[in-house]
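Enquirer: Before I ask anything, let me first share the structure, which is written out below as structure tokens.
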Amino acid sequence: MKNITVFLCTCFDEINRVVDYERLCSHLSDDPRVAAVTVSRGLCVSGGAGEIGASVKSGDGRVLIAACSPLARGDQVMRDLERAGVPAFRRHLVDLREGCAWIHGNNPAAATEKALDLLNMGLTALEYKEPSADVTLKIADEVLVIGAGPAGMAAATALARCGVDVRVLERGAQPGGMLGLVSRSYPDNTDPSEKIAAFRDLAASDPRITFHSKVKIISARGYAGNFTVRFTAEGEELQAHAGAVIIATGGRVFPPKGYYRYGEVREVVSQIELEARFRKGPVKKENAVFIQCVGARCEERPYCSTICCPASIKNAMRIMDENENARVWILHRDIMMPGTTLEAYYKKAMERGVRFIRYAESDPPRILGDEAVETVEVRDDITGDRRTIPADLVVLSTPLIAGTDAEAIGDLFGIQRDSYGFFREIYPLHPVETRIDGVYICGSARWPVSSEQAMVQGEAAAMKAAALVGRQTIRASEFSRVPGAKFGHARVNEDTCSGCGNCAAVCSFDAIRLQRRSGEGEFRMVSRVIKVRCKACGNCLSVCPNGSMQMPEMNTKALYGMVGKAFS
Amino acid sequence: MMTGKESQNPVIVAGGGVAGLTAALDLAAAGRYVELVESAEHLGGRVSELDKIYPGDHCAFCPLWTDIRRVEDHENIRVRLTSRITAVERKPDSIRVTITTEPRYIDESLCVFCGRCREACAADAVRPSWEHASPPSFFIDKTGCTKCGDCVDQCPTGAIDIERPPVEIVLSADDIIWATGFEEVDLTPLPEFGYGTHPDIMTSLEFENWIAEAGVNQGRILRRSNGKEPRNIAFIQCAGARDRRLLPYCSGVCCMHALKQAQWIKRRAPEVGCTIFYTDLRTVGRDYFDYGLRSLRMTTGVDLVRGRPGMIRPLPGGDALALKYENTETQAVEIARFDVVILNGNLAPSQLLPGSEADSPVDLDSQGFVSAGRDGAAPFACGFSREPADIAESVLRASSSAVTLAGRKDGPEP
Ligand SMILES: Cc1cc2nc3c(=O)[nH]c(=O)nc-3n(C[C@H](O)[C@H](O)[C@H](O)COP(=O)(O)OP(=O)(O)OC[C@H]3O[C@@H](n4cnc5c(N)ncnc54)[C@H](O)[C@@H]3O)c2cc1C
Ligand SMILES: Cc1cc2nc3c(=O)[nH]c(=O)nc-3n(C[C@H](O)[C@H](O)[C@H](O)COP(=O)(O)OP(=O)(O)OC[C@H]3O[C@@H](n4cnc5c(N)ncnc54)[C@H](O)[C@@H]3O)c2cc1C
Ligand code: SF4
Ligand code: SF4
Ligand code: SF4
Ligand code: SF4
């Protein structure tokens, strides 16, 4: 078919002073597939893409652009074509400037040969390229927030402010999460119950927020714009239809069993137990010792849990507030107080007289005493001295670990977890987004954080969700991260698919399902691509044993055809 | 649908680093119109100058570049390069913002990167804006340009105009999100670090550029003084930071980037010795401890010494540097010889507006971080202009600022 229009750009003589354009033109004019050849001086600056678009829009016209590298202005021309209504399967770019003229500037004949090869490859590609069908989806306008700790509360509040309907599913009886177990919150020493009460009031009064407590999630299915989640709330079975899901299920505290004689002698408690004591009333101690990094920054859990240094510093000062004669030691491996506010908080504690002693991981402190703790022995890593400290209270700072439900929630929504069980993000610039569009993560479910950071993350997740559900419809192709992407979605040929499932196994975006083929009494499994999830990475095609999985814009015929031309 | 204050006025994002890019993309996705004002010749901020980034050892370039393209491609975002906000005036229901754009002399929308101007310029004042810019373009460095005009005639697209004056525009805006990031603070006032006395005493950012794979030395580890491989390198943590004389706060990112740089030195030149002198090794963040310490200690061997050196001086002859410190294991004061010294910790927020702090449209704390917005409300500031922040924290706060702004019911007050 004579349907390809070729545009040769000279780039203001940058290309044609090396590459023989006359030869290119005569070669192209002889090709039976080529309808017309036009030479242009500067395609990118002349704004010609619109005209080109108009000229090939009708019928089955295709465009071959021979210009500069896609990383120079080639991509820009392609994007202009896209805007002018020429989809990816009807256009192809060949790089004659960087790829031929510039790099082979000293060998014009070879540069021209290479240009001819590239043009032939482009013509062949255009002969076989096929379109990916895009789909337009309706977007449900509600957002589901799972978990009502600081992250979930902040997400719901931000969404309601933006005018978005939000449904909050909380496993417990009350909102607040771990912050509800904390007596006062660093660094401003506020009573967290005020924050929680404020949210409870907002949830009760704002018609945009629906709050469910005592929730158990039964099932979840769907994709960005359309998630259906079944759950029970206080025993009643319900269903939610949401455009986006924010997972804010938090973590839990690592219990210090087996560390520092916890459970063996009295008055060796965990930090969260100390918080509970403070919530009941004054703790009143003379000599308190906090031990940091209990079960953290070690072989099994090689991470810093972020919150334990500030929490100990907070509670150390509180013990001194209650009893001005109290002496408090914090035994640490590094004091993790980065930034402005925390560093100032640390300085304040030092000024208040909290004593900091650094111990080495290889030589941890020892708890002495028969029934209750009496002394703590520690080797000061800085002075080298071995010291024995009197103690009527030892507080063990343990890290946050992944929540009990994290695995189940991760599986339900198809999101990945790291080796510690925390939810994984799109690293590095999209920390609340996951490989599943429309599912966002925040707070300690993602990684241990303070309540303030959890709230910032909850708001960040709300931003992404609000932007998604703020639209009524979206095209599946818009979920691709790169503008002007060359590919649409993978496509299965159901007639030849053997249902082996290789493709589903390698898809990192959970975009392939094996399904029974419908119709005509067939009992056969075939794979199906969920277009909203497919990122056109191409993994699936490479493992399909029978060529049933294809990327239409660069299918096997086009690819093999190009390779054939390159070596012919 | 979003029913936040539907306003025709744009939101102005000041600063096009990772924080500003994210805030702009988020607001644009939510249907807001954004003017992104960036003082440099290209978007990306400091991250565009980094080599690998912790904790994933990615090149900074790819993910950043994708988001830059999304910004440039977005119909709701207008990017203004080489521009700054020069005045802000509050009106009853909007703010009036003056934006001044310095001429680049080369119109990047016309430049096809042929390089003829660069060849023509005897003063070597024509520079590529950023090696990864897409599309690539040149600009003319005003400090070097002699205004001879030789380049003008060479340009086939007529992109060059060396008489172009700065352009000032005044916009009505809904509000400003500050994302102006950080700058390095001069360390010469702290004489013990010896900054400026020898080319091998470098700041972290200088060093990061120096060893970057995409930088001048293509990833080779060399001394700035003689171009040879150093025998050993010392990293001095909290140089300038956590120090009442200069910056009382912790810069938040330098422990991690020292661990990162040491690791990359070891990967590329295993024979080069690395010693990190630190106060606390702050590895707070997702996967940071594991990245920084475990892999470092177990697989590559970098020495960690707790302490802050009290003196760094070039040795007579200038062939190496002497570093005096207290060894905390032995409590002895020791002097060691290093070929290169990297100073980490001199990061401070960039200035928001030219002129005095009194004219500032937002409250700044004593260190210049944006601390409060109008009426003490949460400021619309993110990234390093708000608090010391790594990439993740910068973009998280950016999205949080964006949603707060998007959800605000009332307009700005007088
Ligand atoms: C001892 C200690 C002291 C602390 N002190 C402070 C402090 O002083 N200041 C400070 O800022 N931070 C402090 N923190 C940290 C703070 O508590 C956490 O950072 C914060 O609570 C994390 O918020 P989140 O919303 O991510 O998770 P969480 O607070 O853990 O909330 C998660 C919520 O999700 C719910 N949930 C879990 N799974 C499901 C499910 N499957 N379905 C429905 N709901 C579910 C949970 O019931 C919970 O309500 C402290 C932490 C500890 C351990
Ligand atoms: C040596 C070094 C290595 C690092 N390595 C890592 C790493 O590996 N991983 C990591 O997570 N973090 C790293 N960081 C930290 C990282 O650089 C910052 O987190 C990040 O740059 C902050 O982004 P930002 O957008 O807030 O600011 P910036 O990146 O500083 O961007 C601010 C932008 O605003 C512009 N600007 C400044 N003033 C104005 C004004 N008045 N008007 C208009 N525009 C203005 C600037 O030109 C700049 O483009 C490193 C930092 C250093 C110093
Ligand atoms: S192309 Fe990639 S994302 Fe799409 S279905 Fe195949 S493996 Fe999954
Ligand atoms: S790999 Fe190929 S044959 Fe196997 S299920 Fe997928 S499409 Fe079908
Ligand atoms: S001569 Fe003109 S088109 Fe060529 S690089 Fe210089 S400014 Fe760009
Ligand atoms: S991050 Fe590390 S080096 Fe930087 S100021 Fe804080 S403690 Fe010092």
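Residue numbers start at 1 in each chain; chains themselves are named A, B, ... in the order of the structure tokens; ligands are numbered from 1 in the order shown.
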Check which residues of chain B sit at most 6 Å from chain A using only C-alpha atoms, and return one row each with the closest pair of atoms and their distance in Å to one decimal, ordered by chain and rising number, as a tab-separated table.
Expert:
residue	atom	partner	partner_atom	distance
B:Met1	CA	A:Gly470	CA	4.3
B:Met2	CA	A:Gly470	CA	5.4
B:Thr3	CA	A:Gly163	CA	5.1
B:Gly4	CA	A:Cys162	CA	5.1
B:Ala29	CA	A:Ala467	CA	5.5
B:Ala30	CA	A:Ala467	CA	4.4
B:Leu110	CA	A:Val45	CA	5.9
B:Pro135	CA	A:Ala72	CA	4.8
B:Pro136	CA	A:Ala72	CA	5.9
B:Tyr249	CA	A:Thr340	CA	4.8
B:Cys250	CA	A:Gly339	CA	4.8
B:Ser251	CA	A:Gly339	CA	5.7
B:Gly252	CA	A:Pro338	CA	4.8
B:Asp280	CA	A:Asp334	CA	4.9
B:Arg282	CA	A:Met336	CA	5.4
B:Val284	CA	A:Thr306	CA	5.7
B:Phe289	CA	A:Tyr303	CA	5.2
B:Asp290	CA	A:Pro302	CA	5.5
B:Thr328	CA	A:Ile382	CA	5.5
B:Pro388	CA	A:Gly339	CA	5.3
B:Leu396	CA	A:Ala460	CA	5.8
B:Ser399	CA	A:Ala460	CA	4.5
B:Ser400	CA	A:Ala460	CA	4.5
B:Val403	CA	A:Met463	CA	5.0
B:Gly407	CA	A:Cys162	CA	4.1
Enquirer: Within 7 Å of ligand 1, counting only C-alpha atoms and all ligand atoms, which protein or nucleic acid residues do you find, written as number ranges by chain?
Expert: A: 146-152, 169-172, 175-179, 182, 184-187, 215-217, 248-253, 271-272, 275, 307-308, 311, 314, 400, 403, 405, 409, 442-445, 448-452, 454
Enquirer: Can you work out which residues are within 9 Å of ligand 3, considering only C-alpha atoms and all ligand atoms, and then hand them over as a PyMOL selection string?
Expert: chain A and resi 488-491+503-512+528-531+533-542+549-551
Enquirer: Write out as a PyMOL selection string which residues come within 9 Å of Ser48 of chain B when counting only C-alpha atoms, dropping same-chain ones fewer than 5 positions away.
Expert: chain B and resi 17+43+60-61+64-65+130+132
Enquirer: For the atom pair atom CA of Ile177 of chain B and atom CA of Glu75 of chain B, what is the interatomic distance in Å to one decimal place?
Expert: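 Pair atom CA of Ile177 of chain B / atom CA of Glu75 of chain B returns 19.2 Å.
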Enquirer: Quick one: residues within 7 Å of ligand 5, with only C-alpha atoms and all ligand atoms, as a PDB file with all heavy atoms, in the first residue's frame?
Expert:
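Result written to result31.pdb:
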ATOM      1  N   ILE B 106      19.447  33.206  24.375  1.00  0.00           N
ATOM      2  CA  ILE B 106      19.087  32.225  23.351  1.00  0.00           C
ATOM      3  C   ILE B 106      17.684  31.731  23.671  1.00  0.00           C
ATOM      4  O   ILE B 106      17.425  31.269  24.784  1.00  0.00           O
ATOM      5  CB  ILE B 106      20.078  31.051  23.336  1.00  0.00           C
ATOM      6  CG1 ILE B 106      21.452  31.542  22.872  1.00  0.00           C
ATOM      7  CG2 ILE B 106      19.578  29.928  22.438  1.00  0.00           C
ATOM      8  CD1 ILE B 106      22.528  30.495  22.859  1.00  0.00           C
ATOM      9  N   LEU B 110      13.658  27.886  20.054  1.00  0.00           N
ATOM     10  CA  LEU B 110      14.157  27.918  18.681  1.00  0.00           C
ATOM     11  C   LEU B 110      15.504  27.208  18.526  1.00  0.00           C
ATOM     12  O   LEU B 110      15.904  26.882  17.417  1.00  0.00           O
ATOM     13  CB  LEU B 110      14.310  29.372  18.212  1.00  0.00           C
ATOM     14  CG  LEU B 110      13.000  30.126  17.950  1.00  0.00           C
ATOM     15  CD1 LEU B 110      13.285  31.571  17.576  1.00  0.00           C
ATOM     16  CD2 LEU B 110      12.209  29.441  16.833  1.00  0.00           C
ATOM     17  N   CYS B 111      16.208  27.016  19.618  1.00  0.00           N
ATOM     18  CA  CYS B 111      17.561  26.461  19.508  1.00  0.00           C
ATOM     19  C   CYS B 111      17.506  24.979  19.150  1.00  0.00           C
ATOM     20  O   CYS B 111      16.890  24.187  19.844  1.00  0.00           O
ATOM     21  CB  CYS B 111      18.299  26.641  20.831  1.00  0.00           C
ATOM     22  SG  CYS B 111      19.871  25.783  20.871  1.00  0.00           S
ATOM     23  N   VAL B 112      18.179  24.613  18.059  1.00  0.00           N
ATOM     24  CA  VAL B 112      18.204  23.200  17.666  1.00  0.00           C
ATOM     25  C   VAL B 112      19.498  22.520  18.102  1.00  0.00           C
ATOM     26  O   VAL B 112      19.767  21.392  17.742  1.00  0.00           O
ATOM     27  CB  VAL B 112      17.981  23.009  16.147  1.00  0.00           C
ATOM     28  CG1 VAL B 112      16.623  23.557  15.740  1.00  0.00           C
ATOM     29  CG2 VAL B 112      19.097  23.659  15.341  1.00  0.00           C
ATOM     30  N   PHE B 113      20.298  23.190  18.885  1.00  0.00           N
ATOM     31  CA  PHE B 113      21.493  22.594  19.485  1.00  0.00           C
ATOM     32  C   PHE B 113      22.552  22.251  18.433  1.00  0.00           C
ATOM     33  O   PHE B 113      23.296  21.290  18.574  1.00  0.00           O
ATOM     34  CB  PHE B 113      21.105  21.326  20.271  1.00  0.00           C
ATOM     35  CG  PHE B 113      22.028  21.027  21.406  1.00  0.00           C
ATOM     36  CD1 PHE B 113      22.176  21.905  22.456  1.00  0.00           C
ATOM     37  CD2 PHE B 113      22.762  19.836  21.444  1.00  0.00           C
ATOM     38  CE1 PHE B 113      23.011  21.630  23.523  1.00  0.00           C
ATOM     39  CE2 PHE B 113      23.618  19.552  22.508  1.00  0.00           C
ATOM     40  CZ  PHE B 113      23.730  20.453  23.538  1.00  0.00           C
ATOM     41  N   CYS B 114      22.624  23.072  17.389  1.00  0.00           N
ATOM     42  CA  CYS B 114      23.613  22.775  16.351  1.00  0.00           C
ATOM     43  C   CYS B 114      25.018  23.127  16.817  1.00  0.00           C
ATOM     44  O   CYS B 114      25.995  22.573  16.348  1.00  0.00           O
ATOM     45  CB  CYS B 114      23.271  23.530  15.073  1.00  0.00           C
ATOM     46  SG  CYS B 114      23.392  25.322  15.235  1.00  0.00           S
ATOM     47  N   GLY B 115      25.136  24.077  17.751  1.00  0.00           N
ATOM     48  CA  GLY B 115      26.440  24.402  18.312  1.00  0.00           C
ATOM     49  C   GLY B 115      27.232  25.435  17.530  1.00  0.00           C
ATOM     50  O   GLY B 115      28.384  25.715  17.868  1.00  0.00           O
ATOM     51  N   ARG B 116      26.623  26.021  16.490  1.00  0.00           N
ATOM     52  CA  ARG B 116      27.393  26.997  15.694  1.00  0.00           C
ATOM     53  C   ARG B 116      27.717  28.246  16.514  1.00  0.00           C
ATOM     54  O   ARG B 116      28.775  28.847  16.352  1.00  0.00           O
ATOM     55  CB  ARG B 116      26.608  27.392  14.443  1.00  0.00           C
ATOM     56  CG  ARG B 116      26.467  26.204  13.490  1.00  0.00           C
ATOM     57  CD  ARG B 116      25.642  26.554  12.267  1.00  0.00           C
ATOM     58  NE  ARG B 116      25.025  25.341  11.735  1.00  0.00           N
ATOM     59  CZ  ARG B 116      24.183  25.291  10.724  1.00  0.00           C
ATOM     60  NH1 ARG B 116      23.822  26.409  10.117  1.00  0.00           N
ATOM     61  NH2 ARG B 116      23.678  24.152  10.326  1.00  0.00           N
ATOM     62  N   CYS B 117      26.816  28.609  17.413  1.00  0.00           N
ATOM     63  CA  CYS B 117      27.068  29.782  18.254  1.00  0.00           C
ATOM     64  C   CYS B 117      28.261  29.533  19.169  1.00  0.00           C
ATOM     65  O   CYS B 117      29.086  30.400  19.410  1.00  0.00           O
ATOM     66  CB  CYS B 117      25.824  30.112  19.073  1.00  0.00           C
ATOM     67  SG  CYS B 117      25.159  28.697  19.962  1.00  0.00           S
ATOM     68  N   ARG B 118      28.329  28.320  19.668  1.00  0.00           N
ATOM     69  CA  ARG B 118      29.403  28.002  20.595  1.00  0.00           C
ATOM     70  C   ARG B 118      30.757  28.072  19.881  1.00  0.00           C
ATOM     71  O   ARG B 118      31.725  28.590  20.417  1.00  0.00           O
ATOM     72  CB  ARG B 118      29.174  26.601  21.152  1.00  0.00           C
ATOM     73  CG  ARG B 118      30.071  26.283  22.320  1.00  0.00           C
ATOM     74  CD  ARG B 118      29.996  24.804  22.591  1.00  0.00           C
ATOM     75  NE  ARG B 118      30.044  24.547  24.022  1.00  0.00           N
ATOM     76  CZ  ARG B 118      29.951  23.336  24.538  1.00  0.00           C
ATOM     77  NH1 ARG B 118      29.736  22.291  23.766  1.00  0.00           N
ATOM     78  NH2 ARG B 118      30.051  23.163  25.829  1.00  0.00           N
ATOM     79  N   SER B 137      19.493  22.590  24.831  1.00  0.00           N
ATOM     80  CA  SER B 137      19.636  23.911  24.220  1.00  0.00           C
ATOM     81  C   SER B 137      20.827  24.609  24.864  1.00  0.00           C
ATOM     82  O   SER B 137      21.319  24.181  25.901  1.00  0.00           O
ATOM     83  CB  SER B 137      18.369  24.740  24.418  1.00  0.00           C
ATOM     84  OG  SER B 137      18.167  25.004  25.780  1.00  0.00           O
ATOM     85  N   PHE B 138      21.265  25.675  24.214  1.00  0.00           N
ATOM     86  CA  PHE B 138      22.363  26.465  24.769  1.00  0.00           C
ATOM     87  C   PHE B 138      21.831  27.727  25.432  1.00  0.00           C
ATOM     88  O   PHE B 138      20.720  28.174  25.136  1.00  0.00           O
ATOM     89  CB  PHE B 138      23.329  26.855  23.645  1.00  0.00           C
ATOM     90  CG  PHE B 138      24.222  25.718  23.205  1.00  0.00           C
ATOM     91  CD1 PHE B 138      23.944  25.015  22.044  1.00  0.00           C
ATOM     92  CD2 PHE B 138      25.325  25.356  23.960  1.00  0.00           C
ATOM     93  CE1 PHE B 138      24.773  23.965  21.638  1.00  0.00           C
ATOM     94  CE2 PHE B 138      26.150  24.315  23.556  1.00  0.00           C
ATOM     95  CZ  PHE B 138      25.873  23.618  22.401  1.00  0.00           C
ATOM     96  N   CYS B 151      28.008  35.351  17.514  1.00  0.00           N
ATOM     97  CA  CYS B 151      27.143  34.169  17.493  1.00  0.00           C
ATOM     98  C   CYS B 151      25.836  34.456  16.756  1.00  0.00           C
ATOM     99  O   CYS B 151      25.283  33.579  16.093  1.00  0.00           O
ATOM    100  CB  CYS B 151      26.840  33.719  18.913  1.00  0.00           C
ATOM    101  SG  CYS B 151      26.142  35.017  19.949  1.00  0.00           S
ATOM    102  N   GLN B 154      25.524  33.567  13.179  1.00  0.00           N
ATOM    103  CA  GLN B 154      25.731  32.147  12.889  1.00  0.00           C
ATOM    104  C   GLN B 154      24.464  31.329  13.106  1.00  0.00           C
ATOM    105  O   GLN B 154      24.321  30.251  12.558  1.00  0.00           O
ATOM    106  CB  GLN B 154      26.843  31.594  13.784  1.00  0.00           C
ATOM    107  CG  GLN B 154      28.224  32.121  13.458  1.00  0.00           C
ATOM    108  CD  GLN B 154      28.591  31.860  12.018  1.00  0.00           C
ATOM    109  OE1 GLN B 154      28.391  30.773  11.504  1.00  0.00           O
ATOM    110  NE2 GLN B 154      29.105  32.897  11.351  1.00  0.00           N
ATOM    111  N   CYS B 155      23.582  31.820  13.937  1.00  0.00           N
ATOM    112  CA  CYS B 155      22.432  30.988  14.332  1.00  0.00           C
ATOM    113  C   CYS B 155      21.455  30.850  13.170  1.00  0.00           C
ATOM    114  O   CYS B 155      20.907  31.828  12.690  1.00  0.00           O
ATOM    115  CB  CYS B 155      21.720  31.582  15.528  1.00  0.00           C
ATOM    116  SG  CYS B 155      20.291  30.576  15.986  1.00  0.00           S
ATOM    117  N   PRO B 156      21.213  29.623  12.711  1.00  0.00           N
ATOM    118  CA  PRO B 156      20.338  29.448  11.542  1.00  0.00           C
ATOM    119  C   PRO B 156      18.875  29.702  11.864  1.00  0.00           C
ATOM    120  O   PRO B 156      18.082  29.913  10.953  1.00  0.00           O
ATOM    121  CB  PRO B 156      20.567  27.982  11.158  1.00  0.00           C
ATOM    122  CG  PRO B 156      20.950  27.305  12.422  1.00  0.00           C
ATOM    123  CD  PRO B 156      21.725  28.330  13.202  1.00  0.00           C
ATOM    124  N   THR B 157      18.507  29.663  13.130  1.00  0.00           N
ATOM    125  CA  THR B 157      17.082  29.801  13.453  1.00  0.00           C
ATOM    126  C   THR B 157      16.753  31.174  14.019  1.00  0.00           C
ATOM    127  O   THR B 157      15.617  31.431  14.385  1.00  0.00           O
ATOM    128  CB  THR B 157      16.643  28.732  14.481  1.00  0.00           C
ATOM    129  OG1 THR B 157      17.266  29.040  15.739  1.00  0.00           O
ATOM    130  CG2 THR B 157      17.043  27.351  14.053  1.00  0.00           C
ATOM    131  N   GLY B 158      17.757  32.017  14.114  1.00  0.00           N
ATOM    132  CA  GLY B 158      17.497  33.348  14.654  1.00  0.00           C
ATOM    133  C   GLY B 158      17.124  33.325  16.131  1.00  0.00           C
ATOM    134  O   GLY B 158      16.329  34.136  16.602  1.00  0.00           O
ATOM    135  N   ALA B 159      17.728  32.392  16.859  1.00  0.00           N
ATOM    136  CA  ALA B 159      17.340  32.218  18.258  1.00  0.00           C
ATOM    137  C   ALA B 159      18.039  33.197  19.199  1.00  0.00           C
ATOM    138  O   ALA B 159      17.664  33.321  20.358  1.00  0.00           O
ATOM    139  CB  ALA B 159      17.639  30.786  18.696  1.00  0.00           C
ATOM    140  N   ILE B 160      19.093  33.872  18.687  1.00  0.00           N
ATOM    141  CA  ILE B 160      19.928  34.640  19.609  1.00  0.00           C
ATOM    142  C   ILE B 160      19.623  36.131  19.537  1.00  0.00           C
ATOM    143  O   ILE B 160      19.537  36.707  18.458  1.00  0.00           O
ATOM    144  CB  ILE B 160      21.429  34.404  19.309  1.00  0.00           C
ATOM    145  CG1 ILE B 160      21.725  32.900  19.268  1.00  0.00           C
ATOM    146  CG2 ILE B 160      22.318  35.100  20.345  1.00  0.00           C
ATOM    147  CD1 ILE B 160      23.144  32.539  18.922  1.00  0.00           C
TER     148      ILE B 160
END
Enquirer: Using only C-alpha atoms, which of the listed residues (A:Ser362, A:Asn323, A:Gln416, A:Asn287) sits closest to Pro390 of chain A?
Expert: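 Distance minimum relative to Pro390 of chain A lands on A:Asn287.
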Enquirer: Which residues are near ligand 4 in this structure, taking near to mean any atom at most 8 Å from a ligand atom and counting only C-alpha atoms and all ligand atoms? Format them as a PyMOL selection string.
Expert: chain A and resi 492-494+496-504+514+525-528+540-541+543-549
Enquirer: Hey, what does DSSP flag as helix (DSSP H, G or I) within segment 398-500 of chain A? Can you give it to me as an MDAnalysis selection string?
Expert: chainID A and resid 406:413 443:445 451:469 476:479
Enquirer: Please identify the strand (DSSP E) residues within segment 304-371 of chain B (assignment by DSSP from backbone atoms) and present them as a PyMOL selection string.
Expert: chain B and resi 304-306+311-314+321-327+332-338+340-343+347-349+363-364+370-371
Enquirer: Check the smallest atom-to-atom distance from each of A:Trp329, A:Phe231, A:Tyr223, A:Tyr346 to ligand 6 using only C-alpha atoms and all ligand atoms, then report the winner.
Expert: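 Under the stated criterion, the closest residue is A:Tyr346.
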Enquirer: Return as a ChimeraX atom specification every polymer residue, whether protein, DNA or RNA, with at least one atom no more than 7 Å from an atom of ligand 2; count only C-alpha atoms and all ligand atoms.
Expert: /B:14-20,37-40,43-47,50,52-55,83-85,179-183,204-205,208,253-254,257,260,347,350-353,382-385,389-392,394
Enquirer: Of the candidates A:Val289, A:Val354, A:Ala125, A:Ala66, which shows the shortest atom-to-atom distance to Glu553 of chain A, using only C-alpha atoms?
Expert: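 Among the listed residues, the smallest separation from Glu553 of chain A belongs to A:Ala125.
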Enquirer: Calculate how many Å separate atom CA of Thr10 of chain A from atom CA of Leu81 of chain B, rounding to one decimal.
Expert: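 Those two atoms sit 29.0 Å apart.
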Enquirer: So that I can see what lies close to Ser183 of chain A, please list as a list in words the residues with an atom at most 10 Å from it, counting only C-alpha atoms and leaving out residues fewer than 4 positions away in the same chain.
Expert: Leu179, Asn189, Thr190, Asp191, Pro192, Ser193, Ile272, Leu274, Glu275, Ala276, Arg277, Phe278, Arg279, Lys280, Gly281 and Asn315 of chain A
Enquirer: So the first atom is atom CA of Glu113 of chain A and the second is atom CA of Val18 of chain A; what is the distance between them in Å, to one decimal place?
Expert: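 Computing the Euclidean distance for atom CA of Glu113 of chain A and atom CA of Val18 of chain A yields 11.4 Å.
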Enquirer: Rank nothing, just name the residue among B:Ile95, B:Ala133, B:Leu247, B:Ala322 nearest to ligand 6, using only C-alpha atoms and all ligand atoms.
Expert: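 Among the listed residues, the smallest separation from ligand 6 belongs to B:Leu247.
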Enquirer: From the set A:Thr388, A:Asp206, A:Val328, A:Val56, which residue has the shortest atom-to-atom contact distance to Thr375 of chain A, counting only C-alpha atoms?
Expert: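 Nearest to Thr375 of chain A: A:Thr388.
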Enquirer: Val563 of chain A: which residues within 12 Å, counting only C-alpha atoms, same-chain residues fewer than 2 positions away excluded, as a list in words?
Expert: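 Residues near the query, excluding close chain neighbours: Asp117, Leu118, Asn120, Met121, Gly122, Thr124, Ala125, Thr556, Lys557, Ala558, Leu559, Tyr560, Gly561, Lys565, Ala566, Phe567 and Ser568 of chain A.
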Enquirer: Any chance you could export the current selection's N, CA and C atoms as a short mmCIF file (atom, residue, chain, number, x, y, z; two decimals), in the first residue's frame?
Expert:
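Contents of selection00.cif, freshly written:
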data_model
loop_
_atom_site.label_atom_id
_atom_site.label_comp_id
_atom_site.auth_asym_id
_atom_site.auth_seq_id
_atom_site.Cartn_x
_atom_site.Cartn_y
_atom_site.Cartn_z
N ASP A 117 19.58 2.47 5.63
CA ASP A 117 19.15 1.33 6.44
C ASP A 117 18.07 1.74 7.43
N LEU A 118 18.33 2.85 8.11
CA LEU A 118 17.37 3.29 9.14
C LEU A 118 16.02 3.62 8.51
N ASN A 120 14.80 2.36 5.72
CA ASN A 120 14.16 1.11 5.33
C ASN A 120 13.54 0.41 6.52
N MET A 121 14.25 0.43 7.64
CA MET A 121 13.71 -0.17 8.87
C MET A 121 12.44 0.54 9.29
N GLY A 122 12.47 1.87 9.19
CA GLY A 122 11.30 2.65 9.58
C GLY A 122 10.11 2.34 8.70
N THR A 124 9.50 -0.40 7.12
CA THR A 124 9.00 -1.73 7.46
C THR A 124 8.20 -1.70 8.76
N ALA A 125 8.73 -0.97 9.73
CA ALA A 125 7.99 -0.87 10.99
C ALA A 125 6.60 -0.30 10.73
N THR A 556 5.71 -8.50 16.59
CA THR A 556 6.81 -9.35 16.13
C THR A 556 7.13 -9.11 14.66
N LYS A 557 6.08 -8.93 13.87
CA LYS A 557 6.32 -8.71 12.44
C LYS A 557 7.14 -7.45 12.22
N ALA A 558 6.75 -6.39 12.91
CA ALA A 558 7.45 -5.12 12.73
C ALA A 558 8.89 -5.26 13.19
N LEU A 559 9.05 -5.91 14.35
CA LEU A 559 10.38 -6.02 14.93
C LEU A 559 11.29 -6.90 14.06
N TYR A 560 10.78 -8.07 13.68
CA TYR A 560 11.59 -8.97 12.85
C TYR A 560 11.86 -8.32 11.50
N GLY A 561 10.85 -7.62 11.00
CA GLY A 561 11.03 -6.94 9.72
C GLY A 561 12.15 -5.92 9.79
N LYS A 565 15.77 -5.91 7.83
CA LYS A 565 16.25 -4.80 7.00
C LYS A 565 17.65 -4.35 7.45
N ALA A 566 17.84 -4.36 8.75
CA ALA A 566 19.12 -3.87 9.27
C ALA A 566 20.27 -4.73 8.77
N PHE A 567 20.01 -6.03 8.61
CA PHE A 567 21.11 -6.92 8.23
C PHE A 567 21.05 -7.38 6.77
N SER A 568 20.12 -6.81 6.01
CA SER A 568 20.00 -7.27 4.61
C SER A 568 21.04 -6.57 3.74
#
